[in-house]
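Single-structure report; data block below.
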Amino acid sequence: MAIHKLDLDEFDEIDYHLIAFHTSLEDYRLAYLINQNLLINLSKSKNEIQINIKEGETKFSRFYYYAVEKAISWNLIQNKNEVIQQKKDNSQNLFSNLTLEVSTKVYLLPEFKKVDYFLKIENLDETMDVIKILADLNTIDSISAIYTVETNKIKSKNNLIF
C-alpha cells in the first residue's frame with residue numbers, strides 16, 4: 001500500500017502582490033480612479049472583511065473584481081477603521097449615569113498603521129508587471145504615496161485570507 005505525504009509548505013506559499021496606498025480619498029472614489037487607470041471594474045463587495053478584537057468587532061470595506069480571461073483577482077481593502085464602544089460612567093458626580101462612546105482605531109494589518117488602503121492582486125501572470133501597475137496608479141493626483149509591500153514582512157497574514 002502506497003503512503004501519500006502532504007507537504008504543508010505548499011499552503012504557506014504566497015501567490016499575491018500587495019500594493020499600499022497613502023491617500024485621503026474615500027474608498028469608492030479611490031476604486032473609481034483605479035478602475036479608470038488600470039481598465040478594470042472594481043465594485044463594492046457585500047462580503048466585507050470582519051475582524052474581532054478585544055474592543056469589539058469591525059468590518060473593513062472591500063472592492064472586488066475578477067478578470068475571467070486571465071483569472072486575476074483584484075481586491076481593494078480598507079486598512080483603517082474604528083470600533084465604537086459604549087461605556088457607562090460609574091462615578092458619582094453631576095454627570096453620573098452617563099453613557100460614553102469611546103472610539104478605538106483598528107487596523108487590518110497593524111504593522112502598517114500609516115497605510116490607508118491595500119490593493120491585493122492574486123494570480124498575476126508574467127504579462128502584467130507590478131512595476132507597470134504602480135506607474136499607472138502613480139498618475140492619480142490624490143495619492144500621496146504608493147508602493148509594494150514585501151509579503152514576507154507581514155505578520156498578520158491571516159487577515160488577508162478571505
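Each chain in the C-alpha cells gets a letter, A, B, ..., in the order shown, and its residues are numbered from 1; ligands are numbered from 1 in order too.
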Just want the 6 Å neighbourhood of range 18-33 of chain A, counted on only C-alpha atoms, with same-chain residues fewer than 4 positions away dropped. Output as a count of residues only.
13
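Within 10 Å of Ile133 in chain A, once only C-alpha atoms are used and residues closer than 4 positions along the same chain are dropped, the contacting residues are Ile19, Ile34, Asn37, Leu38, Met128, Asp129, Leu137 and Asn138 of chain A.
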Those residues with N, CA, C and O atoms, as a PDB file, in the first residue's frame please?
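selection_14.pdb was written with the following content:
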ATOM      1  N   ILE A  19      -0.171  46.057  -2.786  1.00  0.00           N
ATOM      2  CA  ILE A  19       0.222  47.443  -3.038  1.00  0.00           C
ATOM      3  C   ILE A  19      -0.424  48.320  -1.964  1.00  0.00           C
ATOM      4  O   ILE A  19      -1.623  48.213  -1.710  1.00  0.00           O
ATOM      5  N   ILE A  34      -8.874  53.958  -9.665  1.00  0.00           N
ATOM      6  CA  ILE A  34      -8.111  52.757 -10.026  1.00  0.00           C
ATOM      7  C   ILE A  34      -8.735  52.111 -11.265  1.00  0.00           C
ATOM      8  O   ILE A  34      -8.023  51.691 -12.183  1.00  0.00           O
ATOM      9  N   ASN A  37      -7.633  54.036 -14.343  1.00  0.00           N
ATOM     10  CA  ASN A  37      -6.224  53.927 -14.717  1.00  0.00           C
ATOM     11  C   ASN A  37      -5.802  52.521 -15.124  1.00  0.00           C
ATOM     12  O   ASN A  37      -4.910  52.365 -15.956  1.00  0.00           O
ATOM     13  N   LEU A  38      -6.409  51.496 -14.535  1.00  0.00           N
ATOM     14  CA  LEU A  38      -5.998  50.119 -14.836  1.00  0.00           C
ATOM     15  C   LEU A  38      -6.962  49.403 -15.777  1.00  0.00           C
ATOM     16  O   LEU A  38      -6.718  48.244 -16.128  1.00  0.00           O
ATOM     17  N   MET A 128       1.529  40.833 -17.053  1.00  0.00           N
ATOM     18  CA  MET A 128       1.267  42.079 -16.332  1.00  0.00           C
ATOM     19  C   MET A 128       2.351  42.271 -15.284  1.00  0.00           C
ATOM     20  O   MET A 128       2.623  41.391 -14.486  1.00  0.00           O
ATOM     21  N   ASP A 129       2.951  43.420 -15.291  1.00  0.00           N
ATOM     22  CA  ASP A 129       4.058  43.703 -14.396  1.00  0.00           C
ATOM     23  C   ASP A 129       3.600  44.617 -13.263  1.00  0.00           C
ATOM     24  O   ASP A 129       2.877  45.592 -13.497  1.00  0.00           O
ATOM     25  N   LEU A 137      -0.820  53.662 -11.529  1.00  0.00           N
ATOM     26  CA  LEU A 137      -1.521  54.176 -10.350  1.00  0.00           C
ATOM     27  C   LEU A 137      -0.877  55.449  -9.810  1.00  0.00           C
ATOM     28  O   LEU A 137      -1.542  56.267  -9.180  1.00  0.00           O
ATOM     29  N   ASN A 138       0.402  55.626 -10.069  1.00  0.00           N
ATOM     30  CA  ASN A 138       1.117  56.801  -9.569  1.00  0.00           C
ATOM     31  C   ASN A 138       0.688  58.083 -10.277  1.00  0.00           C
ATOM     32  O   ASN A 138       1.009  59.174  -9.828  1.00  0.00           O
TER      33      ASN A 138
END
When you look at range 40-45 of chain A with a cut-off of 9 Å (counting only C-alpha atoms), what residues show up, excluding the ones that are within fewer than 2 positions of it in the same chain? I need them as a PDB file with N, CA, C and O atoms, in the first residue's frame.
ATOM      1  N   TYR A  28     -14.716  54.562  -2.250  1.00  0.00           N
ATOM      2  CA  TYR A  28     -15.405  54.482  -3.535  1.00  0.00           C
ATOM      3  C   TYR A  28     -14.728  55.352  -4.590  1.00  0.00           C
ATOM      4  O   TYR A  28     -14.668  54.994  -5.759  1.00  0.00           O
ATOM      5  N   ALA A  31     -11.498  53.576  -5.668  1.00  0.00           N
ATOM      6  CA  ALA A  31     -11.844  52.461  -6.558  1.00  0.00           C
ATOM      7  C   ALA A  31     -12.160  52.966  -7.962  1.00  0.00           C
ATOM      8  O   ALA A  31     -11.735  52.365  -8.964  1.00  0.00           O
ATOM      9  N   TYR A  32     -12.884  54.067  -8.046  1.00  0.00           N
ATOM     10  CA  TYR A  32     -13.220  54.668  -9.350  1.00  0.00           C
ATOM     11  C   TYR A  32     -11.958  55.069 -10.109  1.00  0.00           C
ATOM     12  O   TYR A  32     -11.809  54.775 -11.297  1.00  0.00           O
ATOM     13  N   ILE A  34      -8.874  53.958  -9.665  1.00  0.00           N
ATOM     14  CA  ILE A  34      -8.111  52.757 -10.026  1.00  0.00           C
ATOM     15  C   ILE A  34      -8.735  52.111 -11.265  1.00  0.00           C
ATOM     16  O   ILE A  34      -8.023  51.691 -12.183  1.00  0.00           O
ATOM     17  N   ASN A  35     -10.058  52.033 -11.302  1.00  0.00           N
ATOM     18  CA  ASN A  35     -10.749  51.484 -12.471  1.00  0.00           C
ATOM     19  C   ASN A  35     -10.390  52.261 -13.736  1.00  0.00           C
ATOM     20  O   ASN A  35     -10.165  51.667 -14.798  1.00  0.00           O
ATOM     21  N   GLN A  36     -10.323  53.578 -13.634  1.00  0.00           N
ATOM     22  CA  GLN A  36     -10.006  54.422 -14.785  1.00  0.00           C
ATOM     23  C   GLN A  36      -8.580  54.180 -15.275  1.00  0.00           C
ATOM     24  O   GLN A  36      -8.341  54.113 -16.468  1.00  0.00           O
ATOM     25  N   ASN A  37      -7.633  54.036 -14.343  1.00  0.00           N
ATOM     26  CA  ASN A  37      -6.224  53.927 -14.717  1.00  0.00           C
ATOM     27  C   ASN A  37      -5.802  52.521 -15.124  1.00  0.00           C
ATOM     28  O   ASN A  37      -4.910  52.365 -15.956  1.00  0.00           O
ATOM     29  N   LEU A  38      -6.409  51.496 -14.535  1.00  0.00           N
ATOM     30  CA  LEU A  38      -5.998  50.119 -14.836  1.00  0.00           C
ATOM     31  C   LEU A  38      -6.962  49.403 -15.777  1.00  0.00           C
ATOM     32  O   LEU A  38      -6.718  48.244 -16.128  1.00  0.00           O
ATOM     33  N   ASN A  47     -19.393  41.183   0.817  1.00  0.00           N
ATOM     34  CA  ASN A  47     -18.614  40.422   1.795  1.00  0.00           C
ATOM     35  C   ASN A  47     -17.472  41.289   2.321  1.00  0.00           C
ATOM     36  O   ASN A  47     -16.358  41.231   1.835  1.00  0.00           O
ATOM     37  N   GLU A  48     -17.783  42.106   3.308  1.00  0.00           N
ATOM     38  CA  GLU A  48     -16.748  42.920   3.923  1.00  0.00           C
ATOM     39  C   GLU A  48     -15.873  42.033   4.806  1.00  0.00           C
ATOM     40  O   GLU A  48     -16.277  40.936   5.197  1.00  0.00           O
ATOM     41  N   SER A  61     -14.156  47.794   4.522  1.00  0.00           N
ATOM     42  CA  SER A  61     -14.776  47.773   3.198  1.00  0.00           C
ATOM     43  C   SER A  61     -13.856  47.099   2.190  1.00  0.00           C
ATOM     44  O   SER A  61     -12.630  47.107   2.329  1.00  0.00           O
ATOM     45  N   ARG A  62     -14.486  46.522   1.174  1.00  0.00           N
ATOM     46  CA  ARG A  62     -13.750  45.755   0.178  1.00  0.00           C
ATOM     47  C   ARG A  62     -14.388  45.978  -1.190  1.00  0.00           C
ATOM     48  O   ARG A  62     -15.599  45.901  -1.340  1.00  0.00           O
ATOM     49  N   PHE A  63     -13.548  46.273  -2.166  1.00  0.00           N
ATOM     50  CA  PHE A  63     -13.977  46.375  -3.563  1.00  0.00           C
ATOM     51  C   PHE A  63     -13.309  45.236  -4.309  1.00  0.00           C
ATOM     52  O   PHE A  63     -12.114  44.984  -4.124  1.00  0.00           O
ATOM     53  N   TYR A  64     -14.062  44.544  -5.153  1.00  0.00           N
ATOM     54  CA  TYR A  64     -13.583  43.305  -5.760  1.00  0.00           C
ATOM     55  C   TYR A  64     -13.828  43.297  -7.266  1.00  0.00           C
ATOM     56  O   TYR A  64     -14.836  43.810  -7.740  1.00  0.00           O
ATOM     57  N   TYR A  65     -12.871  42.699  -7.987  1.00  0.00           N
ATOM     58  CA  TYR A  65     -13.029  42.462  -9.429  1.00  0.00           C
ATOM     59  C   TYR A  65     -12.290  41.185  -9.779  1.00  0.00           C
ATOM     60  O   TYR A  65     -11.153  40.970  -9.336  1.00  0.00           O
ATOM     61  N   TYR A  66     -12.937  40.333 -10.566  1.00  0.00           N
ATOM     62  CA  TYR A  66     -12.306  39.105 -11.031  1.00  0.00           C
ATOM     63  C   TYR A  66     -12.249  39.148 -12.554  1.00  0.00           C
ATOM     64  O   TYR A  66     -13.286  39.195 -13.218  1.00  0.00           O
ATOM     65  N   ALA A  67     -11.034  39.164 -13.104  1.00  0.00           N
ATOM     66  CA  ALA A  67     -10.831  39.169 -14.550  1.00  0.00           C
ATOM     67  C   ALA A  67     -10.880  37.721 -15.033  1.00  0.00           C
ATOM     68  O   ALA A  67      -9.936  36.957 -14.827  1.00  0.00           O
ATOM     69  N   TRP A  74      -8.694  40.947  -8.071  1.00  0.00           N
ATOM     70  CA  TRP A  74      -8.293  42.254  -7.562  1.00  0.00           C
ATOM     71  C   TRP A  74      -9.146  42.590  -6.341  1.00  0.00           C
ATOM     72  O   TRP A  74     -10.363  42.477  -6.396  1.00  0.00           O
ATOM     73  N   ASN A  75      -8.517  42.997  -5.242  1.00  0.00           N
ATOM     74  CA  ASN A  75      -9.222  43.394  -4.021  1.00  0.00           C
ATOM     75  C   ASN A  75      -8.651  44.712  -3.516  1.00  0.00           C
ATOM     76  O   ASN A  75      -7.451  44.810  -3.246  1.00  0.00           O
ATOM     77  N   LEU A  76      -9.501  45.725  -3.408  1.00  0.00           N
ATOM     78  CA  LEU A  76      -9.120  46.978  -2.772  1.00  0.00           C
ATOM     79  C   LEU A  76      -9.696  46.929  -1.365  1.00  0.00           C
ATOM     80  O   LEU A  76     -10.907  46.807  -1.187  1.00  0.00           O
TER      81      LEU A  76
END
Using backbone DSSP assignments, extract all strand (DSSP E or B) residues from range 2-144 of chain A; output them as an MDAnalysis selection string.
chainID A and resid 16:23 43:44 49:53 56:60 62:67 72:78 80:88 99:107 117:122 143:144
